[in-house]
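Source file run_24.tsv; content: TSV, C-alpha atoms and all ligand atoms.
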chain	number	residue	atom	x	y	z
A	1	MET	CA	105.26	-112.49	-9.37
A	2	ARG	CA	105.47	-108.96	-10.66
A	3	GLY	CA	105.02	-108.08	-14.31
A	4	LYS	CA	108.46	-106.52	-14.51
A	5	THR	CA	110.10	-109.76	-13.39
A	6	HIS	CA	108.17	-111.76	-15.98
A	7	LEU	CA	109.11	-109.18	-18.61
A	8	ALA	CA	112.80	-109.36	-17.69
A	9	ILE	CA	112.78	-113.17	-17.93
A	10	GLY	CA	110.96	-112.99	-21.28
A	11	VAL	CA	113.46	-110.50	-22.70
A	12	ALA	CA	116.33	-112.74	-21.57
A	13	ILE	CA	114.73	-115.77	-23.27
A	14	GLY	CA	114.17	-113.76	-26.44
A	15	ALA	CA	117.77	-112.55	-26.47
A	16	GLY	CA	119.00	-116.12	-25.95
A	17	ALA	CA	116.79	-117.38	-28.78
A	18	ALA	CA	118.03	-114.62	-31.09
A	19	VAL	CA	121.66	-115.56	-30.45
A	20	TYR	CA	120.86	-119.25	-30.94
A	21	PHE	CA	118.66	-119.04	-34.05
A	22	SER	CA	120.02	-116.01	-35.88
A	23	PRO	CA	123.55	-115.25	-34.71
A	24	ASP	CA	123.75	-112.19	-36.99
A	25	LEU	CA	120.90	-110.81	-34.80
A	26	THR	CA	118.87	-109.47	-37.74
A	27	HIS	CA	115.64	-110.72	-36.14
A	28	ALA	CA	116.61	-110.07	-32.52
A	29	HIS	CA	113.69	-107.70	-31.89
A	30	THR	CA	111.21	-110.29	-33.21
A	31	TYR	CA	112.48	-113.01	-30.85
A	32	ILE	CA	112.56	-110.62	-27.91
A	33	GLY	CA	109.08	-109.25	-28.68
A	34	ALA	CA	107.55	-112.71	-29.04
A	35	ALA	CA	109.17	-114.03	-25.85
A	36	ALA	CA	108.37	-110.91	-23.82
A	37	PHE	CA	104.71	-110.89	-24.83
A	38	SER	CA	104.49	-114.64	-24.17
A	39	ALA	CA	106.03	-114.20	-20.72
A	40	LEU	CA	103.39	-111.62	-19.82
A	41	ALA	CA	100.34	-113.08	-21.57
A	42	ALA	CA	99.30	-115.48	-18.79
A	43	ASP	CA	98.61	-112.57	-16.44
A	44	LEU	CA	96.01	-111.07	-18.77
A	45	ASP	CA	93.69	-112.91	-16.35
A	46	GLY	CA	94.24	-110.32	-13.68
A	47	THR	CA	97.10	-108.24	-12.47
A	48	SER	CA	98.81	-107.42	-15.72
A	49	MET	CA	101.41	-104.68	-15.95
A	50	LEU	CA	98.76	-102.39	-17.40
A	51	SER	CA	96.26	-103.12	-14.66
A	52	GLY	CA	96.89	-99.94	-12.67
A	53	LYS	CA	96.39	-97.68	-15.67
A	54	LEU	CA	93.40	-99.66	-16.91
A	55	THR	CA	91.76	-99.49	-13.50
A	56	LYS	CA	92.21	-95.72	-13.51
A	57	ALA	CA	90.71	-95.47	-17.01
A	58	SER	CA	87.82	-97.72	-15.97
A	59	ARG	CA	87.04	-95.51	-13.00
A	60	GLN	CA	86.92	-92.52	-15.33
A	61	ILE	CA	84.70	-94.31	-17.84
A	62	ARG	CA	82.33	-95.12	-15.01
A	63	GLN	CA	82.16	-91.51	-13.89
A	64	TYR	CA	81.68	-90.24	-17.45
A	65	ALA	CA	78.99	-92.84	-18.06
A	66	VAL	CA	77.01	-91.67	-15.05
A	67	TRP	CA	77.34	-88.05	-16.18
A	68	VAL	CA	76.35	-88.81	-19.77
A	69	GLY	CA	73.42	-90.79	-18.43
A	70	CYS	CA	72.28	-87.93	-16.20
A	71	ILE	CA	72.64	-85.35	-18.98
A	72	CYS	CA	70.69	-87.55	-21.39
A	73	ALA	CA	67.98	-88.15	-18.80
A	74	ALA	CA	67.71	-84.40	-18.24
A	75	ALA	CA	67.57	-83.79	-22.00
A	76	VAL	CA	64.87	-86.41	-22.47
A	77	LEU	CA	62.87	-84.97	-19.60
A	78	TYR	CA	63.21	-81.45	-20.99
A	79	LEU	CA	62.18	-82.49	-24.51
A	80	TRP	CA	59.25	-84.44	-23.15
A	81	LEU	CA	58.05	-81.56	-20.99
A	82	ALA	CA	58.43	-79.18	-23.92
A	83	GLY	CA	56.20	-81.46	-25.95
A	84	HIS	CA	58.88	-82.64	-28.43
A	85	THR	CA	59.32	-86.20	-29.57
A	86	VAL	CA	62.35	-87.76	-27.95
A	87	ARG	CA	65.03	-89.11	-30.26
A	88	LEU	CA	65.56	-92.81	-29.70
A	89	GLU	CA	69.37	-92.55	-30.03
A	90	ILE	CA	69.58	-90.07	-27.16
A	91	ALA	CA	67.38	-92.17	-24.93
A	92	CYS	CA	69.32	-95.37	-25.72
A	93	ALA	CA	72.73	-93.71	-25.26
A	94	GLY	CA	71.63	-92.29	-21.94
A	95	ILE	CA	70.20	-95.54	-20.65
A	96	SER	CA	73.23	-97.63	-21.67
A	97	ALA	CA	75.69	-95.07	-20.27
A	98	MET	CA	73.80	-95.01	-16.99
A	99	LEU	CA	73.69	-98.81	-16.82
A	100	ILE	CA	77.45	-99.00	-17.35
A	101	GLY	CA	78.05	-96.39	-14.69
A	102	LEU	CA	75.68	-97.84	-12.14
A	103	THR	CA	75.96	-101.59	-12.59
A	104	MET	CA	79.40	-102.41	-14.00
A	105	SER	CA	82.19	-102.60	-11.47
A	106	THR	CA	85.52	-101.00	-12.25
A	107	GLY	CA	86.89	-104.52	-12.67
A	108	ALA	CA	84.26	-105.43	-15.24
A	109	ILE	CA	84.94	-102.29	-17.25
A	110	ARG	CA	88.67	-103.02	-17.09
A	111	ASN	CA	88.05	-106.56	-18.35
A	112	ALA	CA	85.83	-105.20	-21.10
A	113	LEU	CA	88.59	-102.82	-22.20
A	114	VAL	CA	91.08	-105.70	-22.46
A	115	SER	CA	88.48	-107.76	-24.33
A	116	LEU	CA	87.97	-104.90	-26.78
A	117	VAL	CA	91.69	-104.96	-27.57
A	118	GLY	CA	91.45	-108.73	-28.09
A	119	ILE	CA	88.48	-108.36	-30.41
A	120	GLY	CA	90.47	-105.75	-32.36
A	121	VAL	CA	93.43	-108.11	-32.68
A	122	ALA	CA	91.14	-110.97	-33.77
A	123	ALA	CA	89.50	-108.71	-36.35
A	124	LEU	CA	92.92	-107.71	-37.67
A	125	GLY	CA	93.82	-111.40	-37.94
A	126	LEU	CA	90.58	-112.10	-39.76
A	127	SER	CA	91.12	-109.27	-42.24
A	128	ARG	CA	94.69	-110.40	-42.92
A	129	GLY	CA	93.76	-114.08	-43.03
A	130	GLU	CA	96.19	-114.91	-40.21
A	131	TRP	CA	94.69	-117.63	-38.03
A	132	TRP	CA	97.32	-117.36	-35.30
A	133	LEU	CA	96.51	-113.67	-34.85
A	134	ILE	CA	92.83	-114.55	-34.50
A	135	GLY	CA	93.87	-117.07	-31.84
A	136	VAL	CA	95.92	-114.48	-29.93
A	137	GLY	CA	92.98	-112.06	-30.15
A	138	VAL	CA	90.58	-114.65	-28.75
A	139	PHE	CA	93.05	-115.35	-25.93
A	140	ILE	CA	93.31	-111.64	-25.06
A	141	ALA	CA	89.52	-111.19	-25.18
A	142	TRP	CA	88.84	-114.27	-23.07
A	143	ALA	CA	91.62	-114.24	-20.46
A	144	PRO	CA	90.46	-111.27	-18.34
A	145	TRP	CA	87.21	-113.04	-17.46
A	146	LEU	CA	88.95	-116.14	-16.10
A	147	ASN	CA	89.89	-116.66	-12.46
A	148	HIS	CA	93.33	-115.33	-11.67
A	149	ARG	CA	95.94	-118.07	-11.96
A	150	GLY	CA	93.28	-120.34	-13.42
A	151	LEU	CA	93.28	-121.74	-16.94
A	152	THR	CA	95.91	-119.38	-18.33
A	153	HIS	CA	98.30	-120.76	-15.71
A	154	THR	CA	98.14	-124.42	-16.78
A	155	LEU	CA	100.32	-126.88	-18.61
A	156	TRP	CA	97.75	-127.16	-21.43
A	157	MET	CA	98.39	-123.60	-22.50
A	158	ILE	CA	102.01	-124.35	-23.47
A	159	PRO	CA	101.25	-126.50	-26.58
A	160	LEU	CA	98.43	-124.13	-27.50
A	161	TRP	CA	100.79	-121.17	-27.29
A	162	TRP	CA	103.44	-123.07	-29.25
A	163	TRP	CA	100.85	-123.83	-31.93
A	164	LEU	CA	99.93	-120.14	-32.22
A	165	GLY	CA	103.66	-119.47	-32.40
A	166	THR	CA	104.02	-121.78	-35.41
A	167	GLY	CA	101.60	-119.51	-37.24
A	168	LEU	CA	103.68	-116.46	-36.39
A	169	GLU	CA	106.83	-118.32	-37.39
A	170	GLN	CA	105.42	-119.30	-40.79
A	171	ASP	CA	104.04	-115.84	-41.33
A	172	LEU	CA	107.29	-114.01	-40.61
A	173	GLN	CA	109.56	-116.79	-41.89
A	174	VAL	CA	111.70	-116.50	-38.80
A	175	GLU	CA	112.96	-119.86	-37.56
A	176	GLY	CA	112.44	-120.84	-33.92
A	177	LEU	CA	109.75	-118.29	-33.04
A	178	ALA	CA	107.24	-120.94	-31.97
A	179	ILE	CA	109.58	-122.55	-29.48
A	180	THR	CA	110.70	-119.10	-28.28
A	181	ALA	CA	107.08	-118.10	-27.61
A	182	ALA	CA	106.39	-121.40	-25.83
A	183	LEU	CA	109.50	-120.97	-23.66
A	184	GLY	CA	108.41	-117.43	-22.81
A	185	TYR	CA	104.99	-118.69	-21.71
A	186	LEU	CA	106.56	-121.58	-19.79
A	187	SER	CA	108.89	-119.17	-17.99
A	188	HIS	CA	105.87	-117.34	-16.61
A	189	LEU	CA	104.38	-120.46	-15.08
A	190	ALA	CA	107.78	-121.56	-13.76
A	191	ALA	CA	108.38	-118.17	-12.15
A	192	ASP	CA	104.90	-118.14	-10.57
A	193	THR	CA	105.58	-121.63	-9.17
A	194	LEU	CA	108.34	-120.05	-7.10
A	195	THR	CA	105.86	-117.68	-5.41
A	196	PRO	CA	103.85	-118.55	-2.26
A	197	SER	CA	100.55	-118.73	-4.21
A	198	GLY	CA	102.03	-121.29	-6.61
A	199	VAL	CA	100.44	-122.57	-9.82
A	200	LYS	CA	97.72	-125.17	-10.45
A	201	TRP	CA	99.59	-126.66	-13.40
A	202	LEU	CA	97.08	-129.46	-14.03
A	203	TYR	CA	93.85	-127.52	-13.44
A	204	PRO	CA	91.03	-128.52	-13.97
A	205	LEU	CA	92.20	-132.16	-13.71
A	206	THR	CA	93.37	-131.45	-10.19
A	207	LYS	CA	93.39	-128.31	-8.12
A	208	PHE	CA	96.70	-129.30	-6.58
A	209	THR	CA	98.89	-126.23	-6.29
A	210	PHE	CA	102.51	-126.69	-7.24
A	211	ARG	CA	104.91	-124.42	-5.46
A	212	ILE	CA	108.62	-124.50	-4.85
A	213	LYS	CA	110.12	-122.61	-1.96
A	214	VAL	CA	113.25	-120.69	-2.75
A	301	ZN	ZN	101.01	-115.17	-13.35
Do you think you could lay out the structure here as structure tokens?
Amino acid sequence: MRGKTHLAIGVAIGAGAAVYFSPDLTHAHTYIGAAAFSALAADLDGTSMLSGKLTKASRQIRQYAVWVGCICAAAVLYLWLAGHTVRLEIACAGISAMLIGLTMSTGAIRNALVSLVGIGVAALGLSRGEWWLIGVGVFIAWAPWLNHRGLTHTLWMIPLWWWLGTGLEQDLQVEGLAITAALGYLSHLAADTLTPSGVKWLYPLTKFTFRIKV
């Protein structure tokens, strides 16, 4: 299922929750934001909405890394031939850049970029003492390395997501955010169940793929 479809469903759930929980709509954007992010989060394990752009960026990073590596190697060679001592930082930067460029696939760099964002979110949570934000950060950092439609697309994620939502709800003092987030996440799995590839709801207990033809 495409990211835009998941997003649309998430926004609809958020709007519904806003009307239900705060009829004066003061917190509408919070409900919609929480539900929309929740509806998209499961696909951080692969083809997220950002994937195209991230893949492009990864390709560029790879190219730059090879260039930086070559330039550093040339610099080291030149310094060595000229009888200078070679600075360790330059040598290390060159070697690591070259390794990234030569050994990491575009996919791995893309995953690493997503993980970096997750680590940033977790660090923000840590600095603000917000455990749920640390949890979301760990999820973002971890998800890209999982098999697509693997663990993030299971029933077990719903209570976990709800639990993270309770932290957000307490933090913002906005009633119903936890259940809104859980519904957003659930909507993703439900929508994917309607696609030909289906969803392994009970993985790893069973690899049985649930799918409903529409
Ligand atoms: Zn999905």
Quick one: contact table of stretch 68-175 of chain A to stretch 36-55 of chain A, 12 Å max, nearest atom pair and distance in Å to one decimal per residue, counting all atoms listed in the file, chain and number order, as a Markdown table?
| residue | atom | partner | partner_atom | distance |
| --- | --- | --- | --- | --- |
| A:Ser105 | CA | A:Thr55 | CA | 10.3 |
| A:Thr106 | CA | A:Thr55 | CA | 6.5 |
| A:Gly107 | CA | A:Thr55 | CA | 7.1 |
| A:Ala108 | CA | A:Thr55 | CA | 9.7 |
| A:Ile109 | CA | A:Thr55 | CA | 8.3 |
| A:Arg110 | CA | A:Leu54 | CA | 5.8 |
| A:Asn111 | CA | A:Gly46 | CA | 8.6 |
| A:Ala112 | CA | A:Leu54 | CA | 10.3 |
| A:Leu113 | CA | A:Leu54 | CA | 7.8 |
| A:Val114 | CA | A:Leu44 | CA | 8.2 |
| A:Ser115 | CA | A:Leu44 | CA | 9.9 |
| A:Val117 | CA | A:Leu44 | CA | 11.6 |
| A:Gly118 | CA | A:Leu44 | CA | 10.6 |
| A:Val136 | CA | A:Ala41 | CA | 9.6 |
| A:Gly137 | CA | A:Ala41 | CA | 11.4 |
| A:Val138 | CA | A:Leu44 | CA | 11.9 |
| A:Phe139 | CA | A:Ala41 | CA | 8.8 |
| A:Ile140 | CA | A:Leu44 | CA | 6.9 |
| A:Ala141 | CA | A:Leu44 | CA | 9.1 |
| A:Trp142 | CA | A:Asp45 | CA | 8.4 |
| A:Ala143 | CA | A:Asp45 | CA | 4.8 |
| A:Pro144 | CA | A:Asp45 | CA | 4.1 |
| A:Trp145 | CA | A:Asp45 | CA | 6.6 |
| A:Leu146 | CA | A:Asp45 | CA | 5.7 |
| A:Asn147 | CA | A:Asp45 | CA | 6.6 |
| A:His148 | CA | A:Asp45 | CA | 5.3 |
| A:Arg149 | CA | A:Asp45 | CA | 7.1 |
| A:Gly150 | CA | A:Asp45 | CA | 8.0 |
| A:Leu151 | CA | A:Asp45 | CA | 8.9 |
| A:Thr152 | CA | A:Ala42 | CA | 5.2 |
| A:His153 | CA | A:Ala42 | CA | 6.2 |
| A:Thr154 | CA | A:Ala42 | CA | 9.2 |
| A:Leu155 | CA | A:Ala42 | CA | 11.4 |
| A:Met157 | CA | A:Ala42 | CA | 9.0 |
| A:Ile158 | CA | A:Ser38 | CA | 10.0 |
| A:Leu160 | CA | A:Ser38 | CA | 11.7 |
| A:Trp161 | CA | A:Ser38 | CA | 8.1 |
| A:Trp162 | CA | A:Ser38 | CA | 9.9 |
| A:Leu164 | CA | A:Ser38 | CA | 10.8 |
| A:Gly165 | CA | A:Ser38 | CA | 9.6 |
>> So that I can check the surroundings of A:Ala178, please list as JSON, numbers by chain every protein, DNA and RNA residue that reaches within 12 Å of it, counting all atoms listed in the file and ignoring chain neighbours fewer than 3 positions away.
In response: {"A": [14, 17, 21, 30, 31, 34, 35, 38, 132, 158, 159, 160, 161, 162, 163, 164, 165, 166, 167, 168, 169, 170, 171, 172, 173, 174, 175, 181, 182, 183, 184, 185]}
>> Report, in Å to a single decimal, how far apart atom CA of A:Ala93 and atom CA of A:Ala74 are.
In response: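 Interatomic distance, atom CA of A:Ala74 to atom CA of A:Ala93: 12.7 Å.
Minimum atom-to-atom distances from A:Lys56, A:Ile71, A:Ser96, A:His188 to A:Ala8 were compared using all atoms listed in the file, and the lowest value belongs to A:His188.
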> By how many Å are atom CA of A:Gly135 and atom CA of A:Gly120 apart?
Replying inline: 11.8 Å
> Can you list, as a ChimeraX atom specification, every protein, DNA or RNA residue that comes within 6 Å of A:Ala65 when you count only C-alpha atoms, leaving out same-chain residues fewer than 3 positions away?
Replying inline: /A:61-62,68-69,97-98,101
>> So the first atom is atom CA of A:Ala75 and the second is atom CA of A:Leu99; what is the distance between them in Å, to one decimal place?
In response: 17.0 Å
Where's the centre, and what are the edge lengths in Å to one decimal, of a box along x, y and z enclosing all listed atoms of stretch 168-182 of chain A padded 5 Å per side, as JSON?
{"center_x": 108.3, "center_y": -118.3, "center_z": -33.9, "size_x": 19.3, "size_y": 18.5, "size_z": 26.1}
